[in-house]
Amino acid sequence: MRITSGLGGPLSHFVTAPPRGELLGKSFVVSAELNTVSAISDWYVDALAAASPNMATSLGIPGRETELTDYSPYGHAERSAIRRQAEAALRLLNVESERDRVARDVMLERFDYEAELEAQQEHLRSLNILASPLQNTRQVFDLMPRETEEDQANIVERMGAVPEALERYRSSLAAGMDEGIVVAQRQVLGGIEQCRVWAGAGPPFSRSATASPARGEAGAKGFFSNLVDSLGIDGGSNVTAAEQGYAALAEWLQTEYLPRANPHDPVGRERYQAASRGFNGIELDLEETYQWGWEEVWRIQSEMAETAERISPGASAAEAIAILESDDSRAITGEDAFREWMQHTQDDTMQSLLGTHFDIAEPVQQIEAMIAPPGGALAMYYTGPSEDFSRPGRTWYPTGGETRFPLWRELSVCYHEGVPGHHLQIGTTRYLGDQLTRYQRLLAGTSGYVEGWALYAERLMAELGYLEDPAFYMGLLSSQALRAVRVVIDIGMHLELPIPEREEYHGGETWTSEMALPFLIERSFFPEKMLASEVDRYLGWPGQAISYKVGEREWLAARESARESLGGAFDLKGFHKAALDLGPMGLQQLRDEMSRLRG
């Protein structure tokens, strides 16, 4: 394939793409027509989607429904070449409008970080329990249209591509092994378990990845078998091929990769600093952030004790939560009933906020609550709408095999994942086609921006009076406690920092990964099974766990600064609109852009 809608002029040159599919062994050139930020953005999104079928499906970009992304070193090099072409074009532009300047700076900030990751060869050890090619290759099937015969045929054909896709991914991990660039054993064990679940050869749901992976019960069905069964179609040999592909990867990880994996979980200061900069889009003083995290843990702990008094006078936080957990009048039994409760809650919240605190475009008013397929990490997540909104935004809840759901914590989770959290922010961004470039709408942003907004959204709902019931407010505090503890243990474990002397929990000792789970359980009160998965997640995805509280801090600071600057003219709804209309970005740029708006 020859991509000709590119850069030309003084940049007229060819970049040879490494062999893969239609792009393999071909060359592409960028023409002089790409002389605006918007045109470069369009070209980059289209070129990257062509080289990243999984991403194309995630964004709702048609044309690659039967293919899977090539995660081999060759595939990575191809996508890197596309990025470098776009970056070179951007750096030649003289932008005049503020809108173009913002859009250009958003892209360049991300491109700089991606180049840093490439220099560190992080793609050669891209394996963790939550967000790596191992999961992406499976989860892309969750996002595929299923309604028509053509949709279903695409699903079956794409299943046939799974073995080769996993083999290509394996080649990157093997190249990393040859270079001594490997992940920790904990992440490998978690990956093996997930592979076996999806292959029909593992336990029905995830548990701690620190245990030895089980072979599973005879006759267990894998993900792909269950998918074709749910659609009432015949997947033929492609189903078997996909599941055997994951089984083969599990075996290779077990016998070849695991013995050479790193027994040490922490990644160290240099890798952590880079990762935290990538996830947050800001250079953090890690010691200051670590100490602030502790202050937040202690503050929230005190507020939880006060809220426990409102629930049951004289009760501790743990005792009050035990009461809430055991109260059948505040619980729902059954996955279907729980999914319906989430759907009604999100729909009702949407209508309540519509036109009062937010302007919500009609396409964004559609949201679907889903139960996540088994095998993944035990944390709720969100997937955005397709580019044309033909696929709505969806919240996904992994039940971990549970059938009883106490609701005291779940209301705040719904606000985080749905409205006014992820769905409102991401859906609004998708909708702003006349204000934002295609890159801004589909690919921009950092975890600090996105997750910070969602955590801010939880707090906002309390401020607006939606969590006056002390049970639901305790749920918010539990959510806040989890995110504050994440700051402490994520930085503490990876940098192997000392715990403050004043802290009751191992005060004065140095953090180890073994100390994380008991501390999480004690201070956040989430289920142990879910928290065991959380620890594995933090250790395999350094710097991401802190982005929630770090991002929330920036959003709150931006709001407070606007309030002080505008005084009586400050309007909360207007603040939200101005901030979201800027589009996603890194936290440093958010801080700078909000300062410009006030100025």
# chains A, B, ... in the order shown; residues from 1 in each chain; ligands from 1
$ residues_around --residues "stretch 106-117 of chain A" --least-positions-apart "5" --cutoff "9 Å" --atoms "only C-alpha atoms" --output "VMD selection string"
chain A and resid 41 80 83 to 84 87 90 to 91 101 122 to 123 274 to 275 277 to 278 281 439 to 440 444 to 446 584 to 586 589
$ write_last_selection --atoms "N, CA and C atoms" --output "compact mmCIF listing (two decimals), in the first residue's frame"
# COMPACT_ATOMS: atom_id res chain seq x y z
N SER A 41 -3.14 15.45 11.49
CA SER A 41 -3.87 14.61 12.43
C SER A 41 -4.67 13.55 11.70
N SER A 80 6.17 3.14 14.42
CA SER A 80 7.12 4.18 14.79
C SER A 80 7.44 5.08 13.61
N ARG A 83 4.69 7.55 13.14
CA ARG A 83 4.77 8.62 14.13
C ARG A 83 5.84 9.64 13.76
N ARG A 84 6.99 9.17 13.33
CA ARG A 84 8.08 10.09 12.99
C ARG A 84 7.71 10.98 11.80
N GLU A 87 5.40 13.64 13.19
CA GLU A 87 6.13 14.57 14.05
C GLU A 87 6.96 15.55 13.21
N LEU A 90 4.68 18.19 11.82
CA LEU A 90 4.22 19.13 12.84
C LEU A 90 5.30 20.17 13.17
N ARG A 91 6.53 19.72 13.23
CA ARG A 91 7.61 20.62 13.64
C ARG A 91 7.95 21.64 12.56
N ARG A 101 -2.46 25.58 17.97
CA ARG A 101 -1.31 25.44 18.87
C ARG A 101 -1.56 24.36 19.91
N GLU A 122 10.78 -0.59 25.45
CA GLU A 122 9.73 -1.11 26.32
C GLU A 122 8.80 -2.06 25.57
N HIS A 123 8.71 -1.93 24.25
CA HIS A 123 7.82 -2.82 23.48
C HIS A 123 8.33 -4.26 23.49
N ALA A 274 10.09 7.77 34.14
CA ALA A 274 9.64 7.87 32.75
C ALA A 274 8.19 7.42 32.61
N ALA A 275 7.85 6.30 33.25
CA ALA A 275 6.49 5.79 33.15
C ALA A 275 5.48 6.76 33.77
N ARG A 277 5.77 9.94 34.05
CA ARG A 277 5.66 11.10 33.15
C ARG A 277 4.75 10.76 31.98
N GLY A 278 4.85 9.54 31.48
CA GLY A 278 3.99 9.13 30.37
C GLY A 278 2.53 9.05 30.76
N GLY A 281 1.70 12.95 32.01
CA GLY A 281 1.99 14.12 31.19
C GLY A 281 2.52 15.28 32.01
N TYR A 439 -7.06 13.49 15.96
CA TYR A 439 -6.15 12.94 16.96
C TYR A 439 -6.65 13.28 18.36
N GLN A 440 -7.03 14.53 18.58
CA GLN A 440 -7.53 14.91 19.90
C GLN A 440 -8.76 14.10 20.29
N ALA A 444 -5.79 11.30 21.88
CA ALA A 444 -5.07 12.19 22.79
C ALA A 444 -5.37 11.86 24.25
N GLY A 445 -4.58 12.46 25.11
CA GLY A 445 -4.84 12.38 26.53
C GLY A 445 -3.88 11.47 27.26
N THR A 446 -3.89 11.61 28.56
CA THR A 446 -3.08 10.78 29.45
C THR A 446 -4.00 10.17 30.51
N PRO A 584 -8.53 16.28 25.54
CA PRO A 584 -7.59 15.59 26.41
C PRO A 584 -6.15 16.03 26.16
N MET A 585 -5.35 15.96 27.22
CA MET A 585 -3.94 16.37 27.13
C MET A 585 -3.21 15.89 28.38
N GLY A 586 -1.93 16.17 28.45
CA GLY A 586 -1.17 15.89 29.65
C GLY A 586 -1.48 16.89 30.75
N GLN A 589 0.22 20.38 30.45
CA GLN A 589 -0.44 21.22 29.46
C GLN A 589 -1.80 21.68 29.96
$ select_by_dssp --residues "stretch 234-448 of chain A" --states "alpha helix (DSSP H)" --output "short mmCIF file (atom, residue, chain, number, x, y, z; two decimals) with N, CA and C atoms, in the first residue's frame"
data_model
loop_
_atom_site.label_atom_id
_atom_site.label_comp_id
_atom_site.auth_asym_id
_atom_site.auth_seq_id
_atom_site.Cartn_x
_atom_site.Cartn_y
_atom_site.Cartn_z
N GLY A 236 -16.28 -23.01 13.44
CA GLY A 236 -15.43 -23.97 12.75
C GLY A 236 -14.05 -24.08 13.37
N SER A 237 -13.08 -24.31 12.51
CA SER A 237 -11.71 -24.53 12.98
C SER A 237 -11.06 -23.27 13.52
N ASN A 238 -11.61 -22.10 13.19
CA ASN A 238 -11.01 -20.86 13.67
C ASN A 238 -11.12 -20.71 15.18
N VAL A 239 -12.22 -21.20 15.73
CA VAL A 239 -12.38 -21.16 17.19
C VAL A 239 -11.29 -21.98 17.85
N THR A 240 -11.12 -23.20 17.36
CA THR A 240 -10.09 -24.08 17.91
C THR A 240 -8.71 -23.46 17.74
N ALA A 241 -8.47 -22.86 16.58
CA ALA A 241 -7.17 -22.26 16.31
C ALA A 241 -6.88 -21.13 17.29
N ALA A 242 -7.88 -20.27 17.55
CA ALA A 242 -7.68 -19.15 18.46
C ALA A 242 -7.36 -19.64 19.87
N GLU A 243 -8.13 -20.63 20.32
CA GLU A 243 -7.91 -21.12 21.68
C GLU A 243 -6.59 -21.88 21.79
N GLN A 244 -6.24 -22.62 20.75
CA GLN A 244 -4.95 -23.30 20.76
C GLN A 244 -3.80 -22.28 20.71
N GLY A 245 -4.04 -21.15 20.05
CA GLY A 245 -3.03 -20.10 20.02
C GLY A 245 -2.72 -19.58 21.41
N TYR A 246 -3.78 -19.34 22.20
CA TYR A 246 -3.56 -18.88 23.57
C TYR A 246 -2.96 -19.99 24.43
N ALA A 247 -3.36 -21.23 24.21
CA ALA A 247 -2.78 -22.34 24.97
C ALA A 247 -1.29 -22.47 24.67
N ALA A 248 -0.93 -22.31 23.39
CA ALA A 248 0.48 -22.40 23.01
C ALA A 248 1.29 -21.26 23.61
N LEU A 249 0.71 -20.07 23.64
CA LEU A 249 1.42 -18.95 24.25
C LEU A 249 1.62 -19.19 25.74
N ALA A 250 0.59 -19.73 26.41
CA ALA A 250 0.73 -20.05 27.83
C ALA A 250 1.88 -21.03 28.05
N GLU A 251 1.95 -22.05 27.20
CA GLU A 251 2.99 -23.06 27.35
C GLU A 251 4.37 -22.45 27.14
N TRP A 252 4.51 -21.57 26.13
CA TRP A 252 5.79 -20.92 25.87
C TRP A 252 6.19 -20.01 27.02
N ARG A 269 13.96 3.67 39.89
CA ARG A 269 13.62 5.09 39.74
C ARG A 269 13.57 5.54 38.29
N GLU A 270 14.57 5.17 37.49
CA GLU A 270 14.64 5.69 36.12
C GLU A 270 13.42 5.27 35.30
N ARG A 271 13.11 3.98 35.31
CA ARG A 271 11.94 3.52 34.54
C ARG A 271 10.66 4.06 35.13
N TYR A 272 10.59 4.15 36.45
CA TYR A 272 9.36 4.64 37.07
C TYR A 272 9.14 6.12 36.75
N GLN A 273 10.21 6.92 36.80
CA GLN A 273 10.06 8.35 36.49
C GLN A 273 9.54 8.54 35.08
N ALA A 274 10.09 7.77 34.14
CA ALA A 274 9.64 7.87 32.75
C ALA A 274 8.19 7.42 32.61
N ALA A 275 7.85 6.30 33.25
CA ALA A 275 6.49 5.79 33.15
C ALA A 275 5.48 6.76 33.77
N SER A 276 5.81 7.33 34.92
CA SER A 276 4.87 8.26 35.56
C SER A 276 4.71 9.51 34.73
N ARG A 277 5.77 9.94 34.05
CA ARG A 277 5.66 11.10 33.15
C ARG A 277 4.75 10.76 31.98
N GLY A 278 4.85 9.54 31.48
CA GLY A 278 3.99 9.13 30.37
C GLY A 278 2.53 9.05 30.76
N PHE A 279 2.25 8.45 31.90
CA PHE A 279 0.85 8.28 32.31
C PHE A 279 0.22 9.59 32.76
N ASN A 280 1.02 10.54 33.19
CA ASN A 280 0.45 11.77 33.73
C ASN A 280 0.70 13.00 32.88
N LEU A 286 8.82 12.78 42.84
CA LEU A 286 8.27 11.53 43.35
C LEU A 286 8.25 11.48 44.87
N GLU A 287 9.26 12.06 45.52
CA GLU A 287 9.26 12.07 46.98
C GLU A 287 8.12 12.95 47.52
N GLU A 288 7.93 14.11 46.90
CA GLU A 288 6.82 14.99 47.32
C GLU A 288 5.49 14.31 47.09
N THR A 289 5.33 13.66 45.94
CA THR A 289 4.07 12.97 45.63
C THR A 289 3.84 11.82 46.60
N TYR A 290 4.89 11.11 46.94
CA TYR A 290 4.79 10.00 47.91
C TYR A 290 4.33 10.51 49.27
N GLN A 291 4.92 11.62 49.75
CA GLN A 291 4.53 12.17 51.04
C GLN A 291 3.10 12.70 51.00
N TRP A 292 2.73 13.36 49.90
CA TRP A 292 1.34 13.84 49.74
C TRP A 292 0.37 12.67 49.75
N GLY A 293 0.75 11.55 49.14
CA GLY A 293 -0.09 10.36 49.16
C GLY A 293 -0.36 9.89 50.57
N TRP A 294 0.69 9.89 51.40
CA TRP A 294 0.48 9.51 52.80
C TRP A 294 -0.47 10.47 53.51
N GLU A 295 -0.32 11.77 53.27
CA GLU A 295 -1.22 12.74 53.90
C GLU A 295 -2.66 12.48 53.48
N GLU A 296 -2.87 12.13 52.23
CA GLU A 296 -4.21 11.80 51.77
C GLU A 296 -4.73 10.52 52.42
N VAL A 297 -3.90 9.52 52.56
CA VAL A 297 -4.31 8.28 53.23
C VAL A 297 -4.78 8.59 54.64
N TRP A 298 -4.01 9.37 55.36
CA TRP A 298 -4.37 9.68 56.75
C TRP A 298 -5.63 10.55 56.82
N ARG A 299 -5.76 11.51 55.91
CA ARG A 299 -6.96 12.37 55.91
C ARG A 299 -8.21 11.55 55.64
N ILE A 300 -8.17 10.71 54.63
CA ILE A 300 -9.34 9.90 54.27
C ILE A 300 -9.66 8.90 55.38
N GLN A 301 -8.63 8.35 55.99
CA GLN A 301 -8.85 7.42 57.10
C GLN A 301 -9.63 8.09 58.22
N SER A 302 -9.31 9.34 58.52
CA SER A 302 -10.03 10.08 59.57
C SER A 302 -11.48 10.33 59.17
N GLU A 303 -11.69 10.67 57.89
CA GLU A 303 -13.06 10.93 57.43
C GLU A 303 -13.89 9.65 57.40
N MET A 304 -13.25 8.52 57.12
CA MET A 304 -13.97 7.25 57.16
C MET A 304 -14.43 6.92 58.58
N ALA A 305 -13.59 7.26 59.55
CA ALA A 305 -13.98 7.03 60.94
C ALA A 305 -15.18 7.89 61.32
N GLU A 306 -15.21 9.14 60.86
CA GLU A 306 -16.35 10.02 61.13
C GLU A 306 -17.62 9.50 60.44
N THR A 307 -17.48 9.00 59.23
CA THR A 307 -18.64 8.49 58.50
C THR A 307 -19.16 7.20 59.13
N ALA A 308 -18.27 6.39 59.67
CA ALA A 308 -18.69 5.17 60.36
C ALA A 308 -19.61 5.49 61.53
N GLU A 309 -19.34 6.59 62.20
CA GLU A 309 -20.20 7.03 63.31
C GLU A 309 -21.61 7.33 62.82
N ARG A 310 -21.73 7.86 61.62
CA ARG A 310 -23.05 8.17 61.06
C ARG A 310 -23.80 6.89 60.69
N ILE A 311 -23.06 5.86 60.32
CA ILE A 311 -23.69 4.60 59.93
C ILE A 311 -24.11 3.80 61.15
N ALA A 317 -14.52 2.07 61.19
CA ALA A 317 -14.76 2.02 59.75
C ALA A 317 -14.94 0.57 59.29
N ALA A 318 -14.09 -0.32 59.77
CA ALA A 318 -14.20 -1.73 59.39
C ALA A 318 -15.53 -2.33 59.84
N GLU A 319 -15.98 -1.98 61.03
CA GLU A 319 -17.25 -2.52 61.54
C GLU A 319 -18.43 -1.95 60.76
N ALA A 320 -18.37 -0.67 60.42
CA ALA A 320 -19.46 -0.07 59.65
C ALA A 320 -19.54 -0.69 58.26
N ILE A 321 -18.40 -0.93 57.66
CA ILE A 321 -18.39 -1.54 56.33
C ILE A 321 -18.89 -2.98 56.39
N ALA A 322 -18.56 -3.69 57.46
CA ALA A 322 -19.07 -5.06 57.62
C ALA A 322 -20.60 -5.04 57.69
N ILE A 323 -21.16 -4.03 58.35
CA ILE A 323 -22.62 -3.89 58.41
C ILE A 323 -23.18 -3.68 57.01
N LEU A 324 -22.56 -2.79 56.25
CA LEU A 324 -23.03 -2.50 54.90
C LEU A 324 -22.90 -3.72 53.99
N GLU A 325 -21.82 -4.47 54.14
CA GLU A 325 -21.61 -5.66 53.32
C GLU A 325 -22.65 -6.73 53.58
N SER A 326 -23.09 -6.84 54.82
CA SER A 326 -24.02 -7.92 55.18
C SER A 326 -25.48 -7.53 55.06
N GLU A 335 -26.01 -11.65 38.37
CA GLU A 335 -25.33 -10.79 37.42
C GLU A 335 -26.30 -9.95 36.60
N ASP A 336 -27.38 -10.57 36.13
CA ASP A 336 -28.33 -9.84 35.28
C ASP A 336 -28.98 -8.70 36.04
N ALA A 337 -29.38 -8.98 37.27
CA ALA A 337 -30.02 -7.94 38.08
C ALA A 337 -29.04 -6.81 38.38
N PHE A 338 -27.79 -7.17 38.62
CA PHE A 338 -26.79 -6.15 38.91
C PHE A 338 -26.51 -5.29 37.66
N ARG A 339 -26.44 -5.94 36.51
CA ARG A 339 -26.22 -5.18 35.28
C ARG A 339 -27.38 -4.20 35.04
N GLU A 340 -28.61 -4.66 35.30
CA GLU A 340 -29.78 -3.79 35.13
C GLU A 340 -29.72 -2.61 36.10
N TRP A 341 -29.27 -2.86 37.32
CA TRP A 341 -29.16 -1.77 38.29
C TRP A 341 -28.14 -0.74 37.80
N MET A 342 -27.00 -1.20 37.30
CA MET A 342 -26.00 -0.27 36.76
C MET A 342 -26.56 0.53 35.60
N GLN A 343 -27.30 -0.15 34.72
CA GLN A 343 -27.86 0.54 33.56
C GLN A 343 -28.85 1.62 34.00
N HIS A 344 -29.75 1.27 34.92
CA HIS A 344 -30.73 2.25 35.40
C HIS A 344 -30.03 3.41 36.11
N THR A 345 -29.03 3.11 36.90
CA THR A 345 -28.31 4.15 37.63
C THR A 345 -27.65 5.13 36.66
N GLN A 346 -27.00 4.60 35.64
CA GLN A 346 -26.32 5.46 34.69
C GLN A 346 -27.32 6.28 33.87
N ASP A 347 -28.43 5.65 33.48
CA ASP A 347 -29.45 6.38 32.73
C ASP A 347 -30.07 7.50 33.58
N ASP A 348 -30.38 7.19 34.84
CA ASP A 348 -30.99 8.18 35.72
C ASP A 348 -30.03 9.34 35.99
N THR A 349 -28.76 9.02 36.20
CA THR A 349 -27.78 10.07 36.45
C THR A 349 -27.64 10.97 35.23
N MET A 350 -27.63 10.36 34.07
CA MET A 350 -27.55 11.13 32.82
C MET A 350 -28.68 12.16 32.76
N GLN A 351 -29.89 11.74 33.01
CA GLN A 351 -31.04 12.64 32.92
C GLN A 351 -31.00 13.71 34.00
N SER A 352 -30.49 13.34 35.16
CA SER A 352 -30.43 14.30 36.26
C SER A 352 -29.42 15.41 35.99
N LEU A 353 -28.30 15.08 35.38
CA LEU A 353 -27.25 16.07 35.14
C LEU A 353 -27.46 16.84 33.84
N GLU A 410 -20.86 0.70 44.98
CA GLU A 410 -21.01 0.68 43.53
C GLU A 410 -21.55 1.97 42.94
N LEU A 411 -22.26 2.77 43.72
CA LEU A 411 -22.80 4.01 43.17
C LEU A 411 -21.67 4.94 42.73
N SER A 412 -20.67 5.07 43.58
CA SER A 412 -19.54 5.92 43.24
C SER A 412 -18.78 5.37 42.03
N VAL A 413 -18.71 4.03 41.92
CA VAL A 413 -18.06 3.41 40.77
C VAL A 413 -18.81 3.76 39.49
N CYS A 414 -20.14 3.74 39.55
CA CYS A 414 -20.94 4.11 38.38
C CYS A 414 -20.66 5.54 37.95
N TYR A 415 -20.54 6.45 38.92
CA TYR A 415 -20.23 7.84 38.58
C TYR A 415 -18.84 7.94 37.95
N HIS A 416 -17.92 7.15 38.41
CA HIS A 416 -16.55 7.18 37.89
C HIS A 416 -16.51 6.69 36.44
N GLU A 417 -17.13 5.54 36.18
CA GLU A 417 -17.04 4.95 34.85
C GLU A 417 -18.03 5.56 33.87
N HIS A 422 -15.93 8.87 33.10
CA HIS A 422 -15.31 8.55 31.81
C HIS A 422 -16.24 8.77 30.62
N HIS A 423 -17.47 8.31 30.74
CA HIS A 423 -18.33 8.38 29.57
C HIS A 423 -18.61 9.82 29.17
N LEU A 424 -18.88 10.68 30.13
CA LEU A 424 -19.15 12.08 29.79
C LEU A 424 -17.92 12.72 29.15
N GLN A 425 -16.76 12.52 29.76
CA GLN A 425 -15.55 13.16 29.24
C GLN A 425 -15.16 12.61 27.87
N ILE A 426 -15.09 11.28 27.75
CA ILE A 426 -14.65 10.68 26.50
C ILE A 426 -15.71 10.84 25.41
N GLY A 427 -16.98 10.65 25.77
CA GLY A 427 -18.05 10.84 24.80
C GLY A 427 -18.11 12.26 24.29
N THR A 428 -17.95 13.24 25.19
CA THR A 428 -17.97 14.64 24.77
C THR A 428 -16.80 14.93 23.83
N THR A 429 -15.64 14.38 24.15
CA THR A 429 -14.47 14.56 23.29
C THR A 429 -14.73 14.00 21.89
N ARG A 430 -15.32 12.80 21.83
CA ARG A 430 -15.63 12.20 20.53
C ARG A 430 -16.56 13.11 19.72
N TYR A 431 -17.46 13.79 20.41
CA TYR A 431 -18.50 14.57 19.74
C TYR A 431 -18.00 15.91 19.19
N ARG A 438 -8.90 15.19 14.76
CA ARG A 438 -9.22 13.78 14.89
C ARG A 438 -8.31 13.10 15.91
N TYR A 439 -7.06 13.49 15.96
CA TYR A 439 -6.15 12.94 16.96
C TYR A 439 -6.65 13.28 18.36
N GLN A 440 -7.03 14.53 18.58
CA GLN A 440 -7.53 14.91 19.90
C GLN A 440 -8.76 14.10 20.29
N ARG A 441 -9.65 13.89 19.34
CA ARG A 441 -10.89 13.18 19.65
C ARG A 441 -10.67 11.70 19.93
N LEU A 442 -9.70 11.09 19.25
CA LEU A 442 -9.58 9.63 19.28
C LEU A 442 -8.37 9.11 20.05
N SER A 447 -3.49 9.15 31.17
CA SER A 447 -4.26 8.55 32.25
C SER A 447 -4.53 9.57 33.35
N GLY A 448 -3.55 10.45 33.61
CA GLY A 448 -3.77 11.47 34.63
C GLY A 448 -4.94 12.39 34.30
#
$ residues_around --residues "A:Asp70" --least-positions-apart "4" --cutoff "9 Å" --atoms "only C-alpha atoms" --output "list in words"
Arg20, Ala51, Ser52, Pro53, Tyr74, Gly75, His76, Glu164, Ala165, Leu166, Arg168 and Tyr169 of chain A
$ residues_around --residues "A:Ala372" --least-positions-apart "5" --cutoff "7 Å" --atoms "only C-alpha atoms" --output "MDAnalysis selection string"
chainID A and resid 396:398
$ residues_around --residues "A:Arg99" --least-positions-apart "4" --cutoff "9 Å" --atoms "only C-alpha atoms" --output "count of residues only"
5
$ closest_residue --among "A:Gln187, A:Asn54, A:Ser390, A:Ser565" --to "A:Arg537" --atoms "only C-alpha atoms"
A:Gln187
$ residues_around --residues "A:His494" --least-positions-apart "5" --cutoff "9 Å" --atoms "only C-alpha atoms" --output "number ranges by chain"
A: 265-269, 272, 489, 511-513, 539, 542
$ residues_around --residues "A:Gly393" --least-positions-apart "5" --cutoff "8 Å" --atoms "only C-alpha atoms" --output "count of residues only"
11
$ closest_residue --among "A:Gly567, A:Ile491, A:Tyr505, A:Leu482" --to "A:Leu520" --atoms "only C-alpha atoms"
A:Leu482
$ closest_residue --among "A:Phe389, A:Phe358, A:Trp408, A:Trp555" --to "A:Tyr473" --atoms "only C-alpha atoms"
A:Trp408
$ closest_residue --among "A:Met530, A:Gly475, A:Lys573, A:Leu455" --to "A:Thr399" --atoms "only C-alpha atoms"
A:Met530
$ atom_distance --atom1 "atom CA of A:Asp469" --atom2 "atom CA of A:Arg559"
25.7 Å
$ closest_residue --among "A:Phe472, A:Phe526, A:Tyr71, A:Tyr381" --to "A:Glu458" --atoms "only C-alpha atoms"
A:Phe472
$ decode --residues "stretch 417-422 of chain A" --atoms "all heavy atoms" --output "mmCIF file, in the first residue's frame"
data_model
loop_
_atom_site.group_PDB
_atom_site.id
_atom_site.type_symbol
_atom_site.label_atom_id
_atom_site.label_comp_id
_atom_site.auth_asym_id
_atom_site.auth_seq_id
_atom_site.Cartn_x
_atom_site.Cartn_y
_atom_site.Cartn_z
ATOM 1 N N GLU A 417 -17.127 5.544 36.181
ATOM 2 C CA GLU A 417 -17.040 4.947 34.854
ATOM 3 C C GLU A 417 -18.027 5.564 33.865
ATOM 4 O O GLU A 417 -17.750 5.610 32.667
ATOM 5 C CB GLU A 417 -17.298 3.435 34.941
ATOM 6 C CG GLU A 417 -16.354 2.684 35.864
ATOM 7 C CD GLU A 417 -14.917 2.682 35.381
ATOM 8 O OE1 GLU A 417 -14.686 2.930 34.174
ATOM 9 O OE2 GLU A 417 -14.017 2.429 36.205
ATOM 10 N N GLY A 418 -19.172 6.002 34.353
ATOM 11 C CA GLY A 418 -20.211 6.516 33.471
ATOM 12 C C GLY A 418 -20.264 8.028 33.441
ATOM 13 O O GLY A 418 -19.385 8.709 32.917
ATOM 14 N N VAL A 419 -21.330 8.584 34.007
ATOM 15 C CA VAL A 419 -21.555 10.026 34.028
ATOM 16 C C VAL A 419 -21.578 10.479 35.479
ATOM 17 O O VAL A 419 -22.231 9.849 36.301
ATOM 18 C CB VAL A 419 -22.895 10.366 33.338
ATOM 19 C CG1 VAL A 419 -23.226 11.840 33.460
ATOM 20 C CG2 VAL A 419 -22.834 9.970 31.861
ATOM 21 N N PRO A 420 -20.813 11.522 35.803
ATOM 22 C CA PRO A 420 -20.083 12.447 34.927
ATOM 23 C C PRO A 420 -18.612 12.081 34.715
ATOM 24 O O PRO A 420 -17.798 12.960 34.413
ATOM 25 C CB PRO A 420 -20.182 13.771 35.682
ATOM 26 C CG PRO A 420 -20.144 13.364 37.131
ATOM 27 C CD PRO A 420 -20.895 12.044 37.198
ATOM 28 N N GLY A 421 -18.269 10.799 34.836
ATOM 29 C CA GLY A 421 -16.886 10.366 34.727
ATOM 30 C C GLY A 421 -16.444 10.085 33.307
ATOM 31 O O GLY A 421 -16.574 10.913 32.412
ATOM 32 N N HIS A 422 -15.928 8.869 33.098
ATOM 33 C CA HIS A 422 -15.307 8.547 31.813
ATOM 34 C C HIS A 422 -16.236 8.768 30.619
ATOM 35 O O HIS A 422 -15.827 9.316 29.600
ATOM 36 C CB HIS A 422 -14.859 7.084 31.809
ATOM 37 C CG HIS A 422 -13.650 6.829 32.640
ATOM 38 N ND1 HIS A 422 -12.592 7.702 32.721
ATOM 39 C CD2 HIS A 422 -13.317 5.771 33.435
ATOM 40 C CE1 HIS A 422 -11.669 7.208 33.527
ATOM 41 N NE2 HIS A 422 -12.078 6.043 33.965
#
